[in-house]
Protein chains: 2
Amino acid sequence: MAVGDSDTTPDTAPGTRRPGGRTARNREAVLEAALELLSELGYAATCVQDIANRSKVAASTIYRRWGNRDGVILDLAQTLVAEPAGALPDTGDLERDLALLGQVIVDVMSSPRGGVVQSALVAAGVDSPTARKTLAQIVNRRVEDTKLIAERAIERGDVPAGTDARHVINTLAAPIYHRWYIGGERPTTEELHRYARVAAHAARSGLLS
Amino acid sequence: MAVGDSDTTPDTAPGTRRPGGRTARNREAVLEAALELLSELGYAATCVQDIANRSKVAASTIYRRWGNRDGVILDLAQTLVAEPAGALPDTGDLERDLALLGQVIVDVMSSPRGGVVQSALVAAGVDSPTARKTLAQIVNRRVEDTKLIAERAIERGDVPAGTDARHVINTLAAPIYHRWYIGGERPTTEELHRYARVAAHAARSGLLS
């Protein structure tokens with residue numbers, strides 16, 4: 001779906017209840033402009049005036065509706081949360097499913113949209129509790145969307161009942177994020193396999209209840 | 001040690017070879033001011049002009065010597081890398097040592113100095129390859145300084161020979177950073193114990209070679 005093309009988004013700002021009207025078109029233009037600028041200039045260099053110039057929406061309108069740059073980025077992030085997750089790996093083997101999921105996480109991080117917005121939230125989140133909350137919400141939503149991988153392993157009896165499926169996903173995801181945002185490098189396939197092996201082994205050993 | 005009080009720091013900028021002189025005093029004042037402002041205002045809101053006002057060093061001098069705000073933050077970070085690590089836990093049990101180390105990592109993240117600078121680097125690193133490199137350097141240095149914990153476990157025969165001690169430390173550290181910078185929350189003691197258990201178990205099972 002294109003950024004901001006949902007007319008069903010709740011919108012309580014005064015004077016904005018015109019689905020498909022100028023307000024909706026403005027929102028779409030602003031979010032698209034913000035995404036482009038984040039990709040081109042990075043988080044620190046993207047400012048409201050640039051977004052206004054690119055989107056042809058007045059800066060005063062942007063400040064009124066979104067408050068500031070981070071408000072625009074949070075709105076952009078919300079459109080990502082609303083997107084449906086893709087099909088989950090289901091090979092019948094937890095470790096193999098986790099390795100495939102790890103690849104999907106890396107692909108999202110490196111994608112022009114997901115990666116740019118997520119990185120901007122990580123940067124914004126260092127200062128802003130609201131951005132931290134949005135980032136946590138996005139990541140938790142992805143955990144909820146993918147924990148079925150671990151639940152299937154529990155159903156198959158490969159992993160003890162009482163295992164917390166979210167811990168399994170987080171045990172895989174944590175070293176991927178760590179490698180990317182702290183180590184500054186994209187995890188290699190070999191590393192992804194090691195992370196999947198550690199997470200699957202911890203789950204099977206009953207350490208993730 | 002106080003920020004920037006080392007006169008032995010290599011300094012190759014022209015006209016700066018006066019240890020203990022005005023240049024050294026300026027550096028100390030600028031780094032202290034930057035640290036204070038990062039603590040008070042956060043990364044995004046800290047700018048060179050504020051640092052100049054607080055340190056009473058001319059903005060033009062700061063631009064000439066450090067290039068920009070991130071240059072100051074990187075220099076500040078370098079003073080942290082140069083600080084010696086504290087005594088390592090040595091209980092004779094890998095899992096217990098790792099849980100204690102996890103507490104130290106959390107303490108550094110929540111400390112006024114380490115936490116503020118590290119968070120600023122995470123934010124800066126989203127856009128800047130130089131900041132990413134400095135952050136990775138700081139974190140890798142800490143891994144090198146603490147991997148003795150895992151090496152002792154190898155020597156005791158608790159963990160198979162051929163285990164990579166750095167992988168053991170990173171398996172502990174990754175979920176701590178993930179919880180903090182992505183989940184937006186300080187890990188609880190219970191979580192730290194789980195992370196330590198998973199890392200120690202993976203090491204003992206020979207998964208971290």
# chains A, B, ... in the order shown; residues from 1 in each chain; ligands from 1
$ residues_around --residues "region 159-169 of chain A" --least-positions-apart "5" --cutoff "10 Å" --atoms "only C-alpha atoms" --output "PyMOL selection string"
(chain A and resi 94+98+101-102+140+142-154+174+196+198-209) or (chain B and resi 194)
$ closest_atom_pairs --of "region 89-179 of chain B" --to "region 32-51 of chain B" --cutoff "10 Å" --atoms "only C-alpha atoms" --output "tab-separated table"
residue	atom	partner	partner_atom	distance
B:Pro112	CA	B:Ser39	CA	7.0
B:Arg113	CA	B:Leu35	CA	7.1
B:Gly114	CA	B:Leu35	CA	9.8
B:Gly115	CA	B:Ser39	CA	9.1
B:Val116	CA	B:Ser39	CA	6.0
B:Val117	CA	B:Leu35	CA	7.3
B:Ser119	CA	B:Tyr43	CA	8.0
B:Ala120	CA	B:Tyr43	CA	5.4
B:Leu121	CA	B:Tyr43	CA	8.8
B:Val122	CA	B:Tyr43	CA	9.9
B:Ala123	CA	B:Tyr43	CA	7.4
B:Ala124	CA	B:Tyr43	CA	8.2
$ closest_residue --among "B:Tyr181, B:Gly71, B:Arg54, B:Leu80" --to "Ile138 (chain B)" --atoms "only C-alpha atoms"
B:Leu80
$ select_by_dssp --residues "region 39-166 of chain B" --states "helix (DSSP H, G or I)" --output "PyMOL selection string"
chain B and resi 39-41+48-55+59-66+69-81+94-110+112-127+129-146+148-156+165-166
$ write_last_selection --atoms "C-alpha atoms" --output "tab-separated table (two decimals), in the first residue's frame"
chain	number	residue	atom	x	y	z
B	39	SER	CA	22.48	14.95	29.41
B	40	GLU	CA	20.21	17.96	29.70
B	41	LEU	CA	18.84	18.41	26.16
B	48	VAL	CA	27.58	23.58	18.30
B	49	GLN	CA	26.36	27.05	19.30
B	50	ASP	CA	25.08	25.71	22.65
B	51	ILE	CA	28.40	23.95	23.22
B	52	ALA	CA	30.20	27.21	22.40
B	53	ASN	CA	28.03	29.22	24.82
B	54	ARG	CA	28.41	26.71	27.64
B	55	SER	CA	32.16	26.13	27.21
B	59	ALA	CA	31.94	28.32	17.81
B	60	SER	CA	34.44	29.02	15.01
B	61	THR	CA	37.15	27.27	17.06
B	62	ILE	CA	34.87	24.27	17.62
B	63	TYR	CA	34.03	24.03	13.91
B	64	ARG	CA	37.71	24.34	12.98
B	65	ARG	CA	38.86	21.67	15.40
B	66	TRP	CA	35.96	19.16	15.43
B	69	ARG	CA	28.60	18.39	16.64
B	70	ASP	CA	29.20	14.72	15.85
B	71	GLY	CA	32.95	15.37	15.76
B	72	VAL	CA	32.75	16.62	19.36
B	73	ILE	CA	30.68	13.59	20.38
B	74	LEU	CA	33.16	11.20	18.76
B	75	ASP	CA	36.02	12.87	20.65
B	76	LEU	CA	34.04	12.56	23.87
B	77	ALA	CA	33.48	8.90	23.10
B	78	GLN	CA	37.19	8.35	22.55
B	79	THR	CA	37.89	9.56	26.09
B	80	LEU	CA	35.52	6.85	27.30
B	81	VAL	CA	37.27	4.14	25.29
B	94	LEU	CA	30.07	-18.77	33.87
B	95	GLU	CA	26.35	-18.13	34.18
B	96	ARG	CA	26.73	-16.21	37.42
B	97	ASP	CA	29.67	-14.19	36.02
B	98	LEU	CA	27.60	-13.32	32.94
B	99	ALA	CA	24.62	-12.20	35.04
B	100	LEU	CA	26.95	-9.90	37.02
B	101	LEU	CA	28.49	-8.58	33.80
B	102	GLY	CA	24.99	-7.94	32.44
B	103	GLN	CA	24.33	-5.76	35.48
B	104	VAL	CA	27.53	-3.81	34.76
B	105	ILE	CA	26.45	-3.24	31.14
B	106	VAL	CA	23.08	-1.94	32.34
B	107	ASP	CA	24.82	0.29	34.91
B	108	VAL	CA	27.03	1.82	32.20
B	109	MET	CA	23.97	2.44	30.00
B	110	SER	CA	22.18	4.18	32.87
B	112	PRO	CA	25.22	9.90	33.41
B	113	ARG	CA	28.37	9.71	31.27
B	114	GLY	CA	28.49	6.33	29.56
B	115	GLY	CA	24.80	6.18	28.84
B	116	VAL	CA	24.49	9.66	27.42
B	117	VAL	CA	27.47	9.34	25.10
B	118	GLN	CA	26.54	5.84	23.99
B	119	SER	CA	22.97	6.88	23.24
B	120	ALA	CA	24.20	9.89	21.27
B	121	LEU	CA	26.41	7.56	19.22
B	122	VAL	CA	23.53	5.19	18.54
B	123	ALA	CA	21.50	8.17	17.29
B	124	ALA	CA	24.38	9.62	15.27
B	125	GLY	CA	25.27	6.17	13.91
B	126	VAL	CA	21.94	5.86	12.14
B	127	ASP	CA	23.15	8.46	9.62
B	129	PRO	CA	29.32	5.83	9.17
B	130	THR	CA	31.99	7.52	11.33
B	131	ALA	CA	29.74	7.46	14.40
B	132	ARG	CA	28.81	3.84	13.65
B	133	LYS	CA	32.49	2.98	13.48
B	134	THR	CA	33.24	4.74	16.78
B	135	LEU	CA	30.30	3.04	18.49
B	136	ALA	CA	31.40	-0.36	17.17
B	137	GLN	CA	34.94	0.40	18.35
B	138	ILE	CA	33.74	1.27	21.88
B	139	VAL	CA	31.54	-1.80	22.10
B	140	ASN	CA	34.23	-4.09	20.67
B	141	ARG	CA	36.73	-2.69	23.12
B	142	ARG	CA	34.37	-3.56	25.97
B	143	VAL	CA	33.96	-7.07	24.56
B	144	GLU	CA	37.76	-7.48	24.46
B	145	ASP	CA	37.99	-6.16	28.04
B	146	THR	CA	35.40	-8.65	29.36
B	148	LEU	CA	38.27	-13.08	30.00
B	149	ILE	CA	35.07	-14.24	31.76
B	150	ALA	CA	34.46	-16.72	28.95
B	151	GLU	CA	38.16	-17.59	28.60
B	152	ARG	CA	38.26	-18.60	32.26
B	153	ALA	CA	35.28	-20.93	31.67
B	154	ILE	CA	37.18	-22.50	28.75
B	155	GLU	CA	40.27	-22.97	30.97
B	156	ARG	CA	38.12	-24.57	33.70
B	165	ALA	CA	34.91	-15.88	23.94
B	166	ARG	CA	33.65	-12.77	22.09
